[in-house]
$ cat run.txt   # compact mmCIF, C-alpha atoms
# COMPACT_ATOMS: atom_id res chain seq x y z
CA LYS A 1060 -16.95 -6.67 158.54
CA VAL A 1061 -13.76 -8.57 157.63
CA VAL A 1062 -13.34 -9.70 161.24
CA ALA A 1063 -16.96 -10.92 161.36
CA LEU A 1064 -16.53 -12.83 158.09
CA ASN A 1065 -13.29 -14.38 159.32
CA GLU A 1066 -14.93 -15.42 162.61
CA ASN A 1067 -17.80 -16.95 160.65
CA VAL A 1068 -15.31 -19.06 158.66
CA LYS A 1069 -13.79 -20.30 161.93
CA ASN A 1070 -17.19 -20.99 163.44
CA VAL A 1071 -18.44 -22.94 160.45
CA TRP A 1072 -15.16 -24.88 160.31
CA SER A 1073 -15.74 -25.98 163.90
CA GLN A 1074 -19.03 -27.55 162.73
CA VAL A 1075 -17.20 -29.38 159.94
CA ASP A 1076 -14.57 -30.50 162.44
CA THR A 1077 -17.25 -31.83 164.80
CA GLN A 1078 -18.78 -33.95 162.04
CA LEU A 1079 -15.39 -35.20 160.87
CA LYS A 1080 -14.52 -36.24 164.43
CA ARG A 1081 -17.86 -38.05 164.62
CA ARG A 1082 -16.88 -39.92 161.45
CA TYR A 1083 -13.48 -40.80 162.85
CA ASP A 1084 -14.99 -42.10 166.08
CA LEU A 1085 -16.86 -44.67 163.98
CA ILE A 1086 -13.75 -45.92 162.18
CA PRO A 1087 -12.30 -48.19 164.91
CA ASN A 1088 -15.62 -50.04 165.29
CA LEU A 1089 -16.03 -50.33 161.54
CA VAL A 1090 -12.49 -51.65 161.14
CA GLU A 1091 -12.98 -54.23 163.92
CA THR A 1092 -16.21 -55.44 162.34
CA VAL A 1093 -14.69 -55.76 158.87
CA LYS A 1094 -11.48 -57.33 160.24
CA GLY A 1095 -13.47 -60.35 161.33
CA TYR A 1096 -14.25 -61.09 157.69
CA ALA A 1097 -11.23 -59.61 155.92
CA SER A 1098 -8.32 -59.97 158.32
CA HIS A 1099 -5.85 -60.37 155.44
CA GLU A 1100 -6.70 -56.84 154.21
CA LYS A 1101 -4.25 -55.49 156.79
CA GLU A 1102 -2.81 -52.75 154.58
CA ILE A 1103 -6.07 -50.79 154.31
CA PHE A 1104 -6.63 -51.01 158.08
CA GLU A 1105 -3.14 -49.66 158.76
CA LYS A 1106 -3.45 -46.85 156.21
CA LEU A 1107 -6.82 -45.84 157.60
CA ALA A 1108 -5.50 -45.77 161.17
CA GLU A 1109 -2.48 -43.75 160.05
CA ALA A 1110 -4.63 -41.24 158.15
CA ARG A 1111 -7.00 -40.92 161.12
CA LYS A 1112 -4.04 -40.17 163.37
CA GLY A 1113 -2.83 -37.62 160.80
CA TYR A 1114 -6.13 -35.77 161.02
CA PHE A 1115 -5.95 -35.42 164.79
CA SER A 1116 -2.33 -34.25 164.68
CA ALA A 1117 -2.94 -31.73 161.87
CA GLY A 1118 -2.52 -28.15 163.03
CA THR A 1119 -4.16 -26.17 160.25
CA ILE A 1120 -7.51 -26.34 158.49
CA GLU A 1121 -5.67 -26.99 155.23
CA ASP A 1122 -3.82 -29.99 156.73
CA LYS A 1123 -7.05 -31.30 158.23
CA THR A 1124 -8.86 -31.08 154.88
CA LYS A 1125 -6.04 -33.00 153.18
CA ALA A 1126 -6.21 -35.72 155.83
CA ALA A 1127 -10.02 -35.82 155.61
CA THR A 1128 -9.87 -36.29 151.84
CA GLN A 1129 -7.36 -39.11 152.24
CA ILE A 1130 -9.57 -40.82 154.84
CA GLU A 1131 -12.59 -40.57 152.54
CA GLY A 1132 -10.73 -42.61 149.95
CA PHE A 1133 -9.76 -45.30 152.46
CA LEU A 1134 -13.30 -45.43 153.87
CA SER A 1135 -14.73 -45.92 150.40
CA ARG A 1136 -12.36 -48.84 149.87
CA LEU A 1137 -13.26 -50.29 153.27
CA LEU A 1138 -16.98 -50.06 152.52
CA MET A 1139 -16.42 -51.81 149.18
CA PHE A 1140 -15.45 -54.92 151.14
CA ARG A 1141 -19.17 -55.62 151.43
CA GLU A 1142 -19.03 -56.58 147.73
CA THR A 1143 -15.99 -58.83 148.18
CA TYR A 1144 -17.24 -60.34 151.44
CA PRO A 1145 -21.02 -60.78 151.02
CA GLU A 1146 -21.36 -62.15 154.56
CA LEU A 1147 -20.68 -58.60 155.78
CA LYS A 1148 -24.07 -57.60 154.37
CA ALA A 1149 -25.69 -59.88 156.93
CA ASN A 1150 -23.70 -58.55 159.89
CA GLU A 1151 -25.99 -56.37 161.99
CA SER A 1152 -23.12 -54.37 163.52
CA PHE A 1153 -21.71 -53.62 160.08
CA LEU A 1154 -25.11 -52.53 158.77
CA LYS A 1155 -25.68 -50.21 161.75
CA LEU A 1156 -22.20 -48.71 161.41
CA GLN A 1157 -22.66 -48.28 157.69
CA ASP A 1158 -26.00 -46.54 158.22
CA THR A 1159 -24.53 -44.24 160.89
CA LEU A 1160 -21.57 -43.48 158.65
CA GLU A 1161 -23.82 -42.59 155.73
CA GLY A 1162 -25.77 -40.16 157.94
CA THR A 1163 -22.51 -38.63 159.14
CA GLU A 1164 -21.26 -38.30 155.55
CA ASN A 1165 -24.43 -36.40 154.68
CA ARG A 1166 -23.90 -34.03 157.62
CA ILE A 1167 -20.26 -33.53 156.60
CA SER A 1168 -21.40 -32.66 153.09
CA VAL A 1169 -23.83 -30.03 154.41
CA GLU A 1170 -21.23 -28.51 156.74
CA ARG A 1171 -18.57 -28.56 154.00
CA LYS A 1172 -20.90 -26.55 151.77
CA ARG A 1173 -21.61 -24.06 154.57
CA TYR A 1174 -17.87 -23.72 155.20
CA ASN A 1175 -17.09 -23.17 151.52
CA ASP A 1176 -19.89 -20.59 151.31
CA SER A 1177 -18.41 -18.67 154.24
CA VAL A 1178 -14.92 -18.89 152.68
CA ARG A 1179 -16.35 -17.53 149.41
CA ASP A 1180 -17.93 -14.58 151.26
CA LEU A 1181 -14.70 -13.78 153.11
CA ASN A 1182 -12.50 -14.12 150.04
CA ALA A 1183 -14.83 -12.01 147.89
CA TYR A 1184 -14.77 -9.25 150.49
CA ILE A 1185 -10.97 -9.39 150.77
CA LYS A 1186 -10.69 -9.03 146.99
CA SER A 1187 -12.66 -5.78 147.03
CA PHE A 1188 -10.76 -2.51 147.32
CA TYR A 1189 -11.93 -1.61 150.83
CA GLY A 1190 -11.97 -5.23 151.94
CA ARG A 1191 -8.30 -5.64 151.04
CA PHE A 1192 -7.47 -2.50 153.02
CA PHE A 1193 -9.31 -3.64 156.16
CA ALA A 1194 -8.16 -7.26 155.85
CA THR A 1195 -4.52 -6.15 155.67
CA ARG A 1196 -4.95 -3.96 158.73
CA ALA A 1197 -6.69 -6.77 160.64
CA GLY A 1198 -4.17 -9.41 159.53
CA VAL A 1199 -6.84 -11.49 157.81
CA THR A 1200 -5.90 -13.46 154.71
CA GLU A 1201 -7.94 -15.44 152.22
CA ALA A 1202 -9.17 -18.79 153.50
CA LYS A 1203 -8.79 -22.08 151.64
CA TYR A 1204 -11.78 -24.02 150.38
CA PHE A 1205 -12.45 -27.54 151.62
CA GLU A 1206 -12.27 -29.30 148.28
CA VAL A 1207 -12.83 -32.96 147.72
CA ALA A 1208 -10.67 -34.95 145.33
CA GLU A 1209 -12.55 -36.01 142.19
CA ALA A 1210 -12.49 -39.68 143.24
CA GLU A 1211 -14.14 -38.92 146.58
CA LYS A 1212 -16.98 -36.69 145.37
CA GLU A 1213 -19.59 -39.40 145.90
CA THR A 1214 -20.90 -40.18 149.36
CA PRO A 1215 -20.42 -43.85 150.23
CA LYS A 1216 -23.71 -45.58 149.40
CA VAL A 1217 -25.38 -48.23 151.49
CA LYS A 1218 -26.24 -51.24 149.31
CA PHE A 1219 -28.14 -54.25 150.55
$ encode --input "run.txt" --output "structure tokens"
Amino acid sequence: KVVALNENVKNVWSQVDTQLKRRYDLIPNLVETVKGYASHEKEIFEKLAEARKGYFSAGTIEDKTKAATQIEGFLSRLLMFRETYPELKANESFLKLQDTLEGTENRISVERKRYNDSVRDLNAYIKSFYGRFFATRAGVTEAKYFEVAEAEKETPKVKF
């Protein structure tokens, strides 16, 4: 049972990872679109590119979740440019990217919940007497939850 629970955690993480990669594939286009209106906001573009690179070079799920949380903060700031630069609201490319990003964020939220549910099941089993015995023998340890920093708990909203 412990092996099956551990494999489920890995499988569900791969779904989270797929959605996060989908998000990160949108970032270069979003940045290029916003750059046309806010080219002097160079710092946020650089930090976002650096954080995106950090996600792809991360080796563990824990490192990937840290990078993902960091990127969420930068994306929220980038999307807030629509308030500072109202002409962005009229840009069709920006609106399409924003809509696609919102859909992706919703999918990430669903997959994050599924992942955390599978982590909860695994960790609860490992904490039981027999679970601890079998987990130790199988070399399985408790998994880490994919938690979101308080500031990033809201999905970026599309405002027109």
$ closest_residue --input "run.txt" --among "A:Lys1148, A:Lys1080, A:Asn1182, A:Val1199" --to "A:Ala1126" --atoms "only C-alpha atoms"
A:Lys1080
$ closest_residue --input "run.txt" --among "A:Gly1198, A:Gly1190, A:Pro1145, A:Gly1162" --to "A:Ala1097" --atoms "all atoms listed in the file"
A:Pro1145
$ residues_around --input "run.txt" --residues "A:Thr1092" --least-positions-apart "4" --cutoff "9 Å" --atoms "all atoms listed in the file" --output "ChimeraX atom specification"
/A:1087-1088,1096,1147,1150,1152-1153
$ closest_residue --input "run.txt" --among "A:Val1093, A:Ala1202, A:Ile1103, A:Leu1137" --to "A:Asp1176" --atoms "all atoms listed in the file"
A:Ala1202
$ atom_distance --input "run.txt" --atom1 "atom CA of A:Lys1106" --atom2 "atom CA of A:Ile1120"
21.0 Å
$ atom_distance --input "run.txt" --atom1 "atom CA of A:Arg1136" --atom2 "atom CA of A:Val1207"
16.0 Å
$ atom_distance --input "run.txt" --atom1 "atom CA of A:Phe1104" --atom2 "atom CA of A:Phe1140"
11.9 Å
$ residues_around --input "run.txt" --residues "A:Thr1119" --least-positions-apart "3" --cutoff "12 Å" --atoms "all atoms listed in the file" --output "list in words"
Lys1069, Trp1072, Asp1076, Gly1113, Tyr1114, Phe1115, Ser1116, Asp1122, Lys1123, Thr1124, Lys1125, Ala1126, Ala1202 and Lys1203 of chain A
$ residues_near_point --input "run.txt" --point "(-21.4, -21.0, 153.3)" --cutoff "12 Å" --atoms "only C-alpha atoms" --output "PDB file with C-alpha atoms, in the coordinates of the input"
ATOM      1  CA  LEU A1064     -16.530 -12.830 158.090  1.00  0.00           C
ATOM      2  CA  ASN A1067     -17.800 -16.950 160.650  1.00  0.00           C
ATOM      3  CA  VAL A1068     -15.310 -19.060 158.660  1.00  0.00           C
ATOM      4  CA  LYS A1069     -13.790 -20.300 161.930  1.00  0.00           C
ATOM      5  CA  ASN A1070     -17.190 -20.990 163.440  1.00  0.00           C
ATOM      6  CA  VAL A1071     -18.440 -22.940 160.450  1.00  0.00           C
ATOM      7  CA  TRP A1072     -15.160 -24.880 160.310  1.00  0.00           C
ATOM      8  CA  GLN A1074     -19.030 -27.550 162.730  1.00  0.00           C
ATOM      9  CA  VAL A1075     -17.200 -29.380 159.940  1.00  0.00           C
ATOM     10  CA  SER A1168     -21.400 -32.660 153.090  1.00  0.00           C
ATOM     11  CA  VAL A1169     -23.830 -30.030 154.410  1.00  0.00           C
ATOM     12  CA  GLU A1170     -21.230 -28.510 156.740  1.00  0.00           C
ATOM     13  CA  ARG A1171     -18.570 -28.560 154.000  1.00  0.00           C
ATOM     14  CA  LYS A1172     -20.900 -26.550 151.770  1.00  0.00           C
ATOM     15  CA  ARG A1173     -21.610 -24.060 154.570  1.00  0.00           C
ATOM     16  CA  TYR A1174     -17.870 -23.720 155.200  1.00  0.00           C
ATOM     17  CA  ASN A1175     -17.090 -23.170 151.520  1.00  0.00           C
ATOM     18  CA  ASP A1176     -19.890 -20.590 151.310  1.00  0.00           C
ATOM     19  CA  SER A1177     -18.410 -18.670 154.240  1.00  0.00           C
ATOM     20  CA  VAL A1178     -14.920 -18.890 152.680  1.00  0.00           C
ATOM     21  CA  ARG A1179     -16.350 -17.530 149.410  1.00  0.00           C
ATOM     22  CA  ASP A1180     -17.930 -14.580 151.260  1.00  0.00           C
ATOM     23  CA  LEU A1181     -14.700 -13.780 153.110  1.00  0.00           C
ATOM     24  CA  ASN A1182     -12.500 -14.120 150.040  1.00  0.00           C
ATOM     25  CA  TYR A1204     -11.780 -24.020 150.380  1.00  0.00           C
ATOM     26  CA  PHE A1205     -12.450 -27.540 151.620  1.00  0.00           C
TER      27      PHE A1205
END
$ axis_aligned_box --input "run.txt" --around "stretch 1171-1174 of chain A" --padding-each-side "8 Å" --output "AutoDock Vina command-line options"
--center_x -19.7 --center_y -26.1 --center_z 153.5 --size_x 19.7 --size_y 20.8 --size_z 19.4
$ closest_residue --input "run.txt" --among "A:Ser1073, A:Arg1196, A:Asn1065, A:Gln1078" --to "A:Thr1159" --atoms "all atoms listed in the file"
A:Gln1078
$ closest_residue --input "run.txt" --among "A:Glu1206, A:Glu1109, A:Asp1158, A:Glu1121" --to "A:Leu1089" --atoms "only C-alpha atoms"
A:Asp1158
$ closest_residue --input "run.txt" --among "A:Glu1131, A:Glu1151, A:Glu1100, A:Glu1142" --to "A:Leu1079" --atoms "only C-alpha atoms"
A:Glu1131
